[in-house]
file query.csv (CSV, C-alpha atoms and all ligand atoms)
chain,number,residue,atom,x,y,z
S,1,MET,CA,87.4,76.0,96.3
S,2,LEU,CA,88.4,75.7,92.6
S,3,ASN,CA,86.4,73.3,90.5
S,4,ARG,CA,85.8,70.4,92.7
S,5,HIS,CA,85.1,68.2,89.8
S,6,PRO,CA,87.8,69.2,87.3
S,7,PHE,CA,86.9,66.4,84.9
S,8,LYS,CA,83.2,67.0,84.8
S,9,ALA,CA,81.5,68.4,81.7
S,10,ILE,CA,81.8,71.9,83.2
S,11,SER,CA,85.0,72.3,81.2
S,12,ALA,CA,82.7,73.3,78.4
S,13,MET,CA,81.2,76.1,80.5
S,14,SER,CA,82.3,79.6,80.1
S,15,ILE,CA,81.2,82.6,82.1
S,16,SER,CA,82.4,86.1,81.3
S,17,ILE,CA,83.6,88.2,84.1
S,18,HIS,CA,83.7,91.9,83.4
S,19,ILE,CA,86.6,93.4,85.3
S,20,HIS,CA,86.3,96.9,86.8
S,21,LYS,CA,88.9,99.3,85.4
S,22,THR,CA,90.7,99.7,88.7
S,23,HIS,CA,91.2,95.9,88.8
S,24,ARG,CA,92.5,95.4,85.4
S,25,GLU,CA,96.1,95.9,86.5
S,26,HIS,CA,95.6,92.5,88.2
S,27,THR,CA,94.2,90.8,85.1
S,28,ASP,CA,97.0,91.7,82.7
S,29,GLY,CA,94.8,94.5,81.4
S,30,ALA,CA,92.0,92.1,80.5
S,31,GLU,CA,88.5,93.7,80.5
S,32,ILE,CA,86.8,90.4,80.4
S,33,VAL,CA,88.0,87.1,81.9
S,34,GLU,CA,86.4,83.9,80.9
S,35,ALA,CA,85.9,81.6,83.9
S,36,GLN,CA,84.4,78.3,84.8
S,37,GLY,CA,82.3,77.3,87.8
S,38,GLU,CA,78.8,76.3,89.0
S,39,THR,CA,78.5,79.3,91.3
S,40,ILE,CA,79.6,82.9,91.2
S,41,GLY,CA,82.0,82.1,94.0
S,42,ALA,CA,83.5,79.2,92.0
S,43,CYS,CA,83.9,81.4,88.9
S,44,LEU,CA,85.6,84.1,90.9
S,45,ASN,CA,87.9,81.5,92.5
S,46,ASP,CA,88.7,80.1,89.0
S,47,MET,CA,89.7,83.6,88.0
S,48,VAL,CA,91.8,84.2,91.1
S,49,ALA,CA,93.7,81.0,90.4
S,50,ARG,CA,94.9,82.6,87.2
S,51,PHE,CA,95.1,86.1,88.5
S,52,PRO,CA,96.1,85.9,92.1
S,53,GLY,CA,96.3,89.7,92.4
S,54,MET,CA,92.5,89.8,92.3
S,55,ALA,CA,92.1,87.9,95.5
S,56,GLY,CA,92.9,90.8,97.8
S,57,LYS,CA,90.6,93.0,95.7
S,58,LEU,CA,87.6,90.8,96.0
S,59,PHE,CA,87.9,88.8,99.2
S,60,THR,CA,88.6,89.4,102.9
S,61,ALA,CA,91.2,87.2,104.7
S,62,SER,CA,88.3,84.9,105.7
S,63,GLY,CA,87.2,84.5,102.1
S,64,GLN,CA,84.1,86.7,102.2
S,65,LEU,CA,83.3,89.2,99.5
S,66,ILE,CA,84.6,92.6,100.4
S,67,ARG,CA,81.7,94.8,101.3
S,68,THR,CA,82.6,97.5,98.8
S,69,ILE,CA,82.5,95.1,95.8
S,70,GLU,CA,79.3,94.9,93.8
S,71,ILE,CA,78.5,91.8,91.8
S,72,TYR,CA,75.9,91.9,89.0
S,73,HIS,CA,74.9,88.6,87.5
S,74,ASN,CA,73.3,88.8,84.0
S,75,MET,CA,72.9,92.5,84.5
S,76,LYS,CA,71.1,92.1,87.8
S,77,SER,CA,72.3,92.7,91.4
S,78,ALA,CA,73.5,89.4,92.9
S,79,TYR,CA,73.3,90.7,96.4
S,80,PRO,CA,72.8,89.1,98.9
S,81,ASN,CA,74.6,85.7,99.0
S,82,GLU,CA,76.4,86.6,95.8
S,83,LEU,CA,79.0,83.9,96.0
S,84,ALA,CA,76.4,81.1,96.3
S,85,ARG,CA,74.4,82.0,93.2
S,86,ALA,CA,74.3,79.3,90.5
S,87,THR,CA,75.9,80.1,87.2
S,88,GLN,CA,75.3,78.7,83.7
S,89,ASP,CA,77.2,78.6,80.5
S,90,GLY,CA,77.1,82.0,78.8
S,91,ASP,CA,76.4,84.0,82.0
S,92,GLU,CA,77.9,87.4,82.5
S,93,ILE,CA,79.3,88.7,85.8
S,94,HIS,CA,80.1,92.3,86.3
S,95,ILE,CA,82.3,93.4,89.1
S,96,THR,CA,82.0,97.1,90.2
S,97,VAL,CA,83.2,99.1,93.1
S,98,MET,CA,81.0,101.3,95.3
S,99,LEU,CA,81.5,105.0,94.7
S,100,ALA,CA,81.7,107.3,97.7
S,101,GLY,CA,82.4,110.6,96.0
S,102,GLY,CA,80.0,113.5,95.5
N,1,MET,CA,45.1,125.8,81.5
N,2,VAL,CA,48.2,127.2,83.2
N,3,ASP,CA,48.6,130.9,83.6
N,4,PHE,CA,52.1,131.9,82.9
N,5,THR,CA,53.3,135.5,82.8
N,6,GLU,CA,54.7,136.7,79.5
N,7,LYS,CA,58.2,136.4,81.0
N,8,GLN,CA,57.6,133.0,82.3
N,9,PHE,CA,56.3,131.9,79.0
N,10,GLU,CA,59.4,133.1,77.4
N,11,ARG,CA,61.9,131.8,80.0
N,12,TYR,CA,60.4,128.3,80.0
N,13,ASN,CA,59.5,128.2,76.4
N,14,ARG,CA,61.8,125.3,75.5
N,15,HIS,CA,60.2,123.2,78.2
N,16,ILE,CA,56.7,124.3,77.2
N,17,ILE,CA,57.1,123.4,73.6
N,18,ILE,CA,58.2,119.8,74.3
N,19,LYS,CA,55.5,117.5,73.1
N,20,ASP,CA,53.6,115.6,75.9
N,21,PHE,CA,55.5,117.7,78.5
N,22,GLY,CA,54.4,121.2,77.8
N,23,ALA,CA,52.8,123.8,80.0
N,24,GLU,CA,51.4,121.2,82.4
N,25,GLY,CA,54.9,119.8,82.9
N,26,GLN,CA,56.3,123.2,83.5
N,27,ALA,CA,53.6,124.1,86.0
N,28,LYS,CA,54.4,120.9,87.9
N,29,ILE,CA,58.0,121.9,88.0
N,30,MET,CA,57.1,125.4,89.3
N,31,ASN,CA,55.0,123.8,92.1
N,32,GLY,CA,57.8,121.4,93.1
N,33,LYS,CA,60.1,121.4,96.1
N,34,VAL,CA,63.4,119.7,95.8
N,35,LEU,CA,66.2,119.4,98.5
N,36,ILE,CA,69.8,119.0,97.4
N,37,ILE,CA,72.1,117.7,100.2
N,38,GLY,CA,75.6,118.6,99.4
N,39,ALA,CA,76.6,121.6,97.3
N,40,GLY,CA,79.7,120.0,95.8
N,41,GLY,CA,80.5,118.2,92.5
N,42,LEU,CA,77.0,116.6,92.2
N,43,GLY,CA,75.1,119.4,93.9
N,44,SER,CA,76.5,122.1,91.7
N,45,PRO,CA,75.0,121.0,88.4
N,46,ALA,CA,71.9,119.7,90.0
N,47,ALA,CA,71.2,123.0,91.7
N,48,LEU,CA,71.9,125.0,88.5
N,49,TYR,CA,69.6,122.9,86.3
N,50,LEU,CA,66.8,122.7,88.8
N,51,THR,CA,67.0,126.5,89.2
N,52,ALA,CA,67.1,127.1,85.5
N,53,ALA,CA,64.1,124.8,85.2
N,54,GLY,CA,62.1,126.9,87.6
N,55,VAL,CA,61.6,124.4,90.4
N,56,GLY,CA,59.4,126.3,92.9
N,57,THR,CA,61.5,125.8,96.0
N,58,ILE,CA,65.0,124.4,96.2
N,59,GLY,CA,66.7,123.7,99.4
N,60,ILE,CA,70.5,123.4,99.5
N,61,ALA,CA,72.3,121.9,102.5
N,62,ASP,CA,76.0,121.9,103.2
N,63,SER,CA,78.1,122.7,106.2
N,64,ASP,CA,81.3,123.4,104.4
N,65,THR,CA,82.9,126.6,103.0
N,66,VAL,CA,84.3,126.9,99.5
N,67,GLU,CA,88.0,125.8,99.1
N,68,LEU,CA,90.3,126.3,96.1
N,69,SER,CA,90.4,122.5,95.5
N,70,ASN,CA,86.6,122.5,95.1
N,71,LEU,CA,86.6,124.8,92.0
N,72,GLN,CA,87.9,122.2,89.5
N,73,ARG,CA,84.4,120.5,89.6
N,74,GLN,CA,82.0,122.4,91.9
N,75,ILE,CA,80.9,124.8,89.2
N,76,ILE,CA,78.4,126.7,91.2
N,77,HIS,CA,81.2,128.2,93.3
N,78,PHE,CA,83.6,130.9,91.9
N,79,THR,CA,87.0,132.0,92.8
N,80,ASP,CA,85.7,135.0,94.7
N,81,ASP,CA,83.6,132.6,96.9
N,82,LEU,CA,86.6,131.1,98.7
N,83,GLY,CA,85.9,130.9,102.4
N,84,THR,CA,82.1,131.5,101.9
N,85,PRO,CA,79.7,128.9,103.1
N,86,LYS,CA,78.8,126.6,100.2
N,87,ALA,CA,75.1,126.9,100.8
N,88,THR,CA,75.3,130.7,100.6
N,89,SER,CA,77.6,130.7,97.6
N,90,ALA,CA,75.2,128.4,95.8
N,91,ALA,CA,72.1,130.4,96.7
N,92,THR,CA,73.7,133.6,95.3
N,93,LYS,CA,74.2,132.0,91.9
N,94,MET,CA,70.8,130.4,91.9
N,95,LYS,CA,69.0,133.6,92.7
N,96,ALA,CA,71.0,135.4,90.0
N,97,LEU,CA,70.1,132.7,87.5
N,98,ASN,CA,66.4,132.6,88.3
N,99,PRO,CA,64.9,135.1,90.8
N,100,GLU,CA,61.6,133.2,90.6
N,101,VAL,CA,62.9,130.3,92.5
N,102,THR,CA,62.7,130.3,96.3
N,103,VAL,CA,66.0,129.1,97.6
N,104,LYS,CA,66.4,127.8,101.2
N,105,THR,CA,69.9,127.4,102.6
N,106,TYR,CA,70.9,125.0,105.4
N,107,HIS,CA,74.5,125.8,106.5
N,108,VAL,CA,74.4,122.8,108.8
N,109,PHE,CA,76.1,119.4,109.0
N,110,VAL,CA,73.2,117.1,108.1
N,111,LYS,CA,73.0,114.4,110.7
N,112,ALA,CA,70.7,112.0,112.4
N,113,ASP,CA,69.1,114.5,114.8
N,114,ASN,CA,68.3,117.2,112.2
N,115,ILE,CA,67.8,115.5,108.8
N,116,GLN,CA,64.1,114.6,109.3
N,117,GLY,CA,63.3,118.2,110.1
N,118,ILE,CA,65.1,119.4,107.0
N,119,ILE,CA,63.8,116.9,104.4
N,120,GLN,CA,60.1,116.7,105.5
N,121,ASP,CA,59.1,119.9,103.6
N,122,TYR,CA,60.3,118.6,100.3
N,123,ASP,CA,58.8,116.4,97.5
N,124,PHE,CA,62.1,115.0,96.4
N,125,VAL,CA,65.6,114.8,97.8
N,126,ILE,CA,68.9,114.5,95.8
N,127,ASP,CA,71.8,112.9,97.7
N,128,CYS,CA,74.9,114.8,96.6
N,129,THR,CA,77.0,113.9,99.7
N,130,ASP,CA,80.5,112.5,99.3
N,131,ASN,CA,80.7,109.8,102.0
N,132,PHE,CA,78.9,106.6,102.7
N,133,ALA,CA,77.8,107.5,106.2
N,134,ALA,CA,75.9,110.5,104.8
N,135,LYS,CA,74.5,108.5,101.8
N,136,PHE,CA,73.1,105.8,104.2
N,137,LEU,CA,71.7,108.5,106.5
N,138,VAL,CA,69.9,110.2,103.6
N,139,ASN,CA,68.6,106.8,102.5
N,140,ASP,CA,67.3,105.9,105.9
N,141,ALA,CA,65.8,109.3,106.6
N,142,CYS,CA,64.0,109.5,103.2
N,143,MET,CA,62.7,105.9,103.6
N,144,MET,CA,61.4,106.7,107.1
N,145,GLU,CA,59.7,109.9,105.9
N,146,GLY,CA,58.5,108.3,102.7
N,147,ILE,CA,60.2,110.9,100.5
N,148,PRO,CA,61.5,109.8,97.0
N,149,PHE,CA,65.1,110.5,96.4
N,150,SER,CA,68.1,110.1,94.1
N,151,HIS,CA,71.2,108.4,95.3
N,152,GLY,CA,74.5,109.2,93.5
N,153,GLY,CA,78.2,108.5,93.8
N,154,VAL,CA,81.2,109.3,91.7
N,155,LEU,CA,84.9,108.6,91.7
N,156,GLN,CA,87.7,109.2,89.2
N,157,PHE,CA,86.0,108.3,85.9
N,158,ASN,CA,83.0,106.4,87.2
N,159,GLY,CA,79.5,107.4,88.3
N,160,GLN,CA,76.5,105.5,89.6
N,161,THR,CA,73.0,106.5,90.6
N,162,MET,CA,69.6,105.0,91.5
N,163,THR,CA,66.3,106.5,92.3
N,164,ILE,CA,64.3,105.3,95.3
N,165,MET,CA,60.6,105.4,95.7
N,166,PRO,CA,60.0,104.4,99.3
N,167,GLU,CA,57.9,101.2,99.7
N,168,LYS,CA,57.8,100.8,95.9
N,169,SER,CA,61.4,100.2,94.9
N,170,ALA,CA,64.7,98.9,96.2
N,171,CYS,CA,66.5,101.1,98.6
N,172,LEU,CA,70.2,101.5,99.1
N,173,ARG,CA,70.2,98.9,101.9
N,174,CYS,CA,68.4,96.4,99.7
N,175,VAL,CA,71.6,96.3,97.6
N,176,PHE,CA,74.3,97.4,100.1
N,177,GLU,CA,73.9,96.1,103.6
N,178,LYS,CA,75.6,98.9,105.4
N,179,PRO,CA,78.2,101.6,104.9
N,180,PRO,CA,81.7,100.2,104.5
N,181,PRO,CA,84.1,100.8,107.3
N,182,ARG,CA,85.7,104.2,107.2
N,183,GLY,CA,88.7,104.2,104.9
N,184,ALA,CA,87.7,101.0,103.1
N,185,VAL,CA,86.5,103.0,100.0
N,186,PRO,CA,88.7,105.7,98.6
N,187,ASN,CA,87.1,109.1,98.2
N,188,SER,CA,87.8,111.9,95.7
N,189,THR,CA,90.2,113.6,98.2
N,190,GLN,CA,92.4,110.5,98.0
N,191,VAL,CA,92.1,109.3,94.4
N,192,GLY,CA,90.5,112.2,92.5
N,193,ILE,CA,87.5,112.8,90.3
N,194,LEU,CA,87.3,114.2,86.8
N,195,GLY,CA,85.2,117.3,87.2
N,196,SER,CA,82.9,116.6,84.3
N,197,VAL,CA,82.1,113.1,85.6
N,198,ALA,CA,80.5,114.8,88.6
N,199,GLY,CA,78.7,117.1,86.2
N,200,LEU,CA,77.3,114.2,84.2
N,201,LEU,CA,76.0,112.4,87.2
N,202,GLY,CA,74.6,115.4,89.0
N,203,THR,CA,72.7,116.3,85.8
N,204,VAL,CA,71.2,112.7,85.6
N,205,GLN,CA,70.1,113.2,89.2
N,206,ALA,CA,68.5,116.6,88.4
N,207,SER,CA,66.7,114.9,85.5
N,208,GLU,CA,65.3,112.3,87.8
N,209,ALA,CA,63.9,115.1,90.1
N,210,LEU,CA,62.3,116.8,87.1
N,211,LYS,CA,60.8,113.5,85.9
N,212,PHE,CA,59.5,112.8,89.3
N,213,LEU,CA,57.8,116.3,89.6
N,214,THR,CA,56.3,116.0,86.1
N,215,GLY,CA,55.6,112.3,85.9
N,216,ALA,CA,57.4,112.1,82.6
N,217,GLY,CA,59.0,108.8,81.5
N,218,GLU,CA,60.2,106.1,83.8
N,219,LEU,CA,62.3,106.8,86.9
N,220,LEU,CA,65.5,105.0,87.5
N,221,THR,CA,63.9,102.8,90.2
N,222,ASP,CA,65.0,99.2,90.8
N,223,SER,CA,68.0,100.1,88.6
N,224,MET,CA,71.6,101.1,89.1
N,225,PHE,CA,72.8,103.3,86.3
N,226,PHE,CA,76.6,103.0,86.1
N,227,PHE,CA,79.0,104.6,83.7
N,228,ASP,CA,82.7,104.7,82.9
N,229,ILE,CA,83.7,107.8,81.0
N,230,LEU,CA,87.0,106.4,79.9
N,231,THR,CA,85.4,103.5,77.9
N,232,MET,CA,82.0,105.3,77.5
N,233,GLU,CA,80.3,102.3,78.9
N,234,PHE,CA,76.8,103.2,80.2
N,235,ILE,CA,75.2,100.3,81.9
N,236,LYS,CA,71.8,99.9,83.6
N,237,PHE,CA,71.8,97.0,86.1
N,238,LYS,CA,68.6,95.7,87.5
N,239,LEU,CA,67.9,95.7,91.2
N,240,GLU,CA,65.0,94.5,93.2
N,241,LYS,CA,63.6,95.0,96.7
N,242,ASN,CA,65.3,92.6,99.1
N,243,SER,CA,63.0,90.9,101.5
N,244,GLU,CA,65.9,90.7,104.0
N,245,CYS,CA,66.6,94.5,103.8
N,246,GLY,CA,67.2,95.8,107.3
N,247,LEU,CA,65.2,98.9,106.5
N,248,CYS,CA,62.4,98.0,104.1
N,249,GLY,CA,62.4,94.2,104.3
N,250,GLU,CA,60.0,91.9,106.0
N,251,ALA,CA,61.6,92.1,109.4
N,252,PRO,CA,63.3,95.5,109.6
N,253,THR,CA,66.0,95.9,112.2
N,254,ILE,CA,66.8,99.6,111.6
N,255,ARG,CA,64.2,101.7,113.4
N,256,GLU,CA,66.1,104.9,114.2
N,257,LEU,CA,68.7,107.1,112.5
N,258,ILE,CA,72.3,106.9,113.6
N,259,ASP,CA,75.4,108.9,112.8
N,260,GLU,CA,78.4,107.0,111.7
N,261,LYS,CA,81.6,109.0,112.2
N,262,GLN,CA,83.0,109.6,108.7
N,263,PRO,CA,84.4,112.7,107.1
N,264,ASP,CA,82.1,115.4,105.8
N,265,CYS,CA,81.9,116.5,102.2
N,266,ASP,CA,85.2,117.9,101.1
T,1,ZN,ZN,65.5,98.3,101.4
call {"tool": "encode", "arguments": {"input": "query.csv", "output": "structure tokens", "more": "lines below"}}
Ligand SMILES: [Zn+2]
result
Amino acid sequence: MLNRHPFKAISAMSISIHIHKTHREHTDGAEIVEAQGETIGACLNDMVARFPGMAGKLFTASGQLIRTIEIYHNMKSAYPNELARATQDGDEIHITVMLAGG
Amino acid sequence: MVDFTEKQFERYNRHIIIKDFGAEGQAKIMNGKVLIIGAGGLGSPAALYLTAAGVGTIGIADSDTVELSNLQRQIIHFTDDLGTPKATSAATKMKALNPEVTVKTYHVFVKADNIQGIIQDYDFVIDCTDNFAAKFLVNDACMMEGIPFSHGGVLQFNGQTMTIMPEKSACLRCVFEKPPPRGAVPNSTQVGILGSVAGLLGTVQASEALKFLTGAGELLTDSMFFFDILTMEFIKFKLEKNSECGLCGEAPTIRELIDEKQPDCD
């Protein structure tokens, strides 16, 4: 599920994915990863291709988003159907984790 | 005009002199009823600030007793309180801080068959529980009873909170379908929490209660306030009501409260 059309003009696209602190060990410490893709799911897959350690943090074995992961798209909740949402050049994605403590 | 006693006028002076808040705002606070569910890391600062502010009636619900590992962040409990029910320990400090406040204690495990009876007497509820089963139960019960409330969660260096006005703004289930399975999300017992992080979030929740009672400003509705104390990033994400929400959407599927077996507040 990487870019299905690797030679399309989307190579000019860049979407910033803000990585949650607890995940940065899997992105070589990067706070923001630039990714390409026409949907949030495609962008996350693009990131996972370069940072495979993120796969287990974001997706279940069947490729669904783990329920405790929150995705915000341009500062707005992307729930529900997060992975299918269309992205555009310059978009920002924030990944956060639900907090259970009190 | 509001009739304060001389002592009240002095005690609440710093509220009363705030422009556009003033005596009217203080009077609304003193007529307010707020319930705090969970007398732990979030509930401690929330209870102290609401008590100091002079909220007329404050309920505090917790089934636990004070343990040594609580004291690093649960600042309403002192070393001498070890073994005391948290609700009792909290009420003692609250009455000492401000004898004008009526404090009601609920030394019970808040669950599906008793929560509605507890929350229905209050204007506003603050969720200070420390597990998702309880957080969703508070959400569902407040939505069913039509009581505005503040949701909050903390872990390690992060906090997040949103305020919910039933029928008007997004609820917890509009943005999170259902509680994650037990064990899927670490809690503070497993991975820790910086004490002051809970203090910061509980204080934000208390502020929302005071804003609700007085009508001051804009509530944190349709928003998720998120912070990371390590990077000092404070972010407000936008939320919106989800028409597919199982609780407040167009075709609700959740019609009664259920208990999910998860650990109680630590
Ligand atoms: Zn809802």
call {"tool": "closest_atom_pairs", "arguments": {"input": "query.csv", "of": "chain N", "to": "ligand ZN 1 (chain T)", "cutoff": "10 Å", "atoms": "all atoms listed in the file", "output": "Markdown table"}}
result
| residue | atom | partner | partner_atom | distance |
| --- | --- | --- | --- | --- |
| N:Asn139 | CA | T:ZN1 | ZN | 9.1 |
| N:Asp140 | CA | T:ZN1 | ZN | 9.0 |
| N:Met143 | CA | T:ZN1 | ZN | 8.4 |
| N:Ile164 | CA | T:ZN1 | ZN | 9.4 |
| N:Pro166 | CA | T:ZN1 | ZN | 8.5 |
| N:Glu167 | CA | T:ZN1 | ZN | 8.3 |
| N:Lys168 | CA | T:ZN1 | ZN | 9.8 |
| N:Ser169 | CA | T:ZN1 | ZN | 7.9 |
| N:Ala170 | CA | T:ZN1 | ZN | 5.3 |
| N:Cys171 | CA | T:ZN1 | ZN | 4.1 |
| N:Leu172 | CA | T:ZN1 | ZN | 6.1 |
| N:Arg173 | CA | T:ZN1 | ZN | 4.8 |
| N:Cys174 | CA | T:ZN1 | ZN | 3.9 |
| N:Val175 | CA | T:ZN1 | ZN | 7.5 |
| N:Phe176 | CA | T:ZN1 | ZN | 8.9 |
| N:Glu177 | CA | T:ZN1 | ZN | 9.0 |
| N:Glu240 | CA | T:ZN1 | ZN | 9.1 |
| N:Lys241 | CA | T:ZN1 | ZN | 6.0 |
| N:Asn242 | CA | T:ZN1 | ZN | 6.1 |
| N:Ser243 | CA | T:ZN1 | ZN | 7.8 |
| N:Glu244 | CA | T:ZN1 | ZN | 8.0 |
| N:Cys245 | CA | T:ZN1 | ZN | 4.6 |
| N:Gly246 | CA | T:ZN1 | ZN | 6.6 |
| N:Leu247 | CA | T:ZN1 | ZN | 5.1 |
| N:Cys248 | CA | T:ZN1 | ZN | 4.1 |
| N:Gly249 | CA | T:ZN1 | ZN | 5.9 |
| N:Glu250 | CA | T:ZN1 | ZN | 9.6 |
| N:Pro252 | CA | T:ZN1 | ZN | 8.9 |
call {"tool": "interface_residues", "arguments": {"input": "query.csv", "of": "chain S", "to": "chain N", "cutoff": "8 Å", "atoms": "only C-alpha atoms", "output": "ChimeraX atom specification"}}
result
/S:67-68,72,75-77,79-80,98-102
call {"tool": "write_last_selection", "arguments": {"input": "query.csv", "atoms": "C-alpha atoms", "output": "compact mmCIF listing (two decimals), keeping the file's coordinate frame"}}
result
# COMPACT_ATOMS: atom_id res chain seq x y z
CA ARG S 67 81.70 94.80 101.30
CA THR S 68 82.60 97.50 98.80
CA TYR S 72 75.90 91.90 89.00
CA MET S 75 72.90 92.50 84.50
CA LYS S 76 71.10 92.10 87.80
CA SER S 77 72.30 92.70 91.40
CA TYR S 79 73.30 90.70 96.40
CA PRO S 80 72.80 89.10 98.90
CA MET S 98 81.00 101.30 95.30
CA LEU S 99 81.50 105.00 94.70
CA ALA S 100 81.70 107.30 97.70
CA GLY S 101 82.40 110.60 96.00
CA GLY S 102 80.00 113.50 95.50
call {"tool": "residues_around", "arguments": {"input": "query.csv", "residues": "range 57-63 of chain S", "least_positions_apart": "4", "cutoff": "8 Å", "atoms": "all atoms listed in the file", "output": "PyMOL selection string"}}
result
chain S and resi 23+53+69
call {"tool": "atom_distance", "arguments": {"input": "query.csv", "atom1": "CA of Ile32 in chain S", "atom2": "CA of Val97 in chain S"}}
result
15.8 Å
call {"tool": "residues_around", "arguments": {"input": "query.csv", "residues": "Asp46 in chain S", "least_positions_apart": "4", "cutoff": "7 Å", "atoms": "only C-alpha atoms", "output": "number ranges by chain"}}
result
S: 2, 35-36, 42, 50
call {"tool": "atom_distance", "arguments": {"input": "query.csv", "atom1": "CA of Lys19 in chain N", "atom2": "CA of Thr163 in chain N"}}
result
24.6 Å
call {"tool": "residues_around", "arguments": {"input": "query.csv", "residues": "Ile95 in chain S", "least_positions_apart": "3", "cutoff": "6 Å", "atoms": "all atoms listed in the file", "output": "count of residues only"}}
result
4
call {"tool": "closest_residue", "arguments": {"input": "query.csv", "among": "S:Asp91, S:His26, S:Ala84, S:Met13", "to": "Gly56 in chain S", "atoms": "only C-alpha atoms"}}
result
S:His26
call {"tool": "atom_distance", "arguments": {"input": "query.csv", "atom1": "CA of Leu68 in chain N", "atom2": "CA of Leu35 in chain N"}}
result
25.2 Å
call {"tool": "decode", "arguments": {"input": "query.csv", "residues": "range 19-30 of chain N", "atoms": "N, CA, C and O atoms", "output": "short mmCIF file (atom, residue, chain, number, x, y, z; two decimals), in the first residue's frame"}}
result
data_model
loop_
_atom_site.label_atom_id
_atom_site.label_comp_id
_atom_site.auth_asym_id
_atom_site.auth_seq_id
_atom_site.Cartn_x
_atom_site.Cartn_y
_atom_site.Cartn_z
N LYS N 19 -12.26 42.08 36.51
CA LYS N 19 -13.19 42.79 35.64
C LYS N 19 -14.06 41.80 34.85
O LYS N 19 -13.56 40.77 34.39
N ASP N 20 -15.31 42.12 34.70
CA ASP N 20 -16.27 41.28 33.97
C ASP N 20 -16.46 39.89 34.57
O ASP N 20 -16.91 38.96 33.89
N PHE N 21 -16.08 39.71 35.80
CA PHE N 21 -16.27 38.42 36.49
C PHE N 21 -16.95 38.76 37.82
O PHE N 21 -18.11 38.42 38.04
N GLY N 22 -16.17 39.42 38.65
CA GLY N 22 -16.69 40.14 39.80
C GLY N 22 -17.59 39.38 40.76
O GLY N 22 -17.55 38.16 40.88
N ALA N 23 -18.43 40.17 41.44
CA ALA N 23 -19.31 39.63 42.48
C ALA N 23 -20.32 38.66 41.88
O ALA N 23 -20.64 37.63 42.49
N GLU N 24 -20.79 38.97 40.69
CA GLU N 24 -21.76 38.08 40.05
C GLU N 24 -21.15 36.70 39.81
O GLU N 24 -21.77 35.67 40.06
N GLY N 25 -19.93 36.71 39.29
CA GLY N 25 -19.24 35.45 39.02
C GLY N 25 -19.04 34.66 40.31
O GLY N 25 -19.28 33.45 40.35
N GLN N 26 -18.62 35.36 41.35
CA GLN N 26 -18.39 34.67 42.62
C GLN N 26 -19.69 34.10 43.18
O GLN N 26 -19.71 32.98 43.70
N ALA N 27 -20.76 34.85 43.03
CA ALA N 27 -22.06 34.35 43.53
C ALA N 27 -22.46 33.09 42.78
O ALA N 27 -23.00 32.14 43.37
N LYS N 28 -22.19 33.05 41.48
CA LYS N 28 -22.53 31.85 40.70
C LYS N 28 -21.69 30.65 41.16
O LYS N 28 -22.19 29.52 41.23
N ILE N 29 -20.43 30.92 41.45
CA ILE N 29 -19.57 29.84 41.96
C ILE N 29 -20.15 29.29 43.27
O ILE N 29 -20.24 28.08 43.49
N MET N 30 -20.58 30.22 44.14
CA MET N 30 -21.06 29.80 45.46
C MET N 30 -22.41 29.07 45.38
O MET N 30 -22.78 28.37 46.31
#
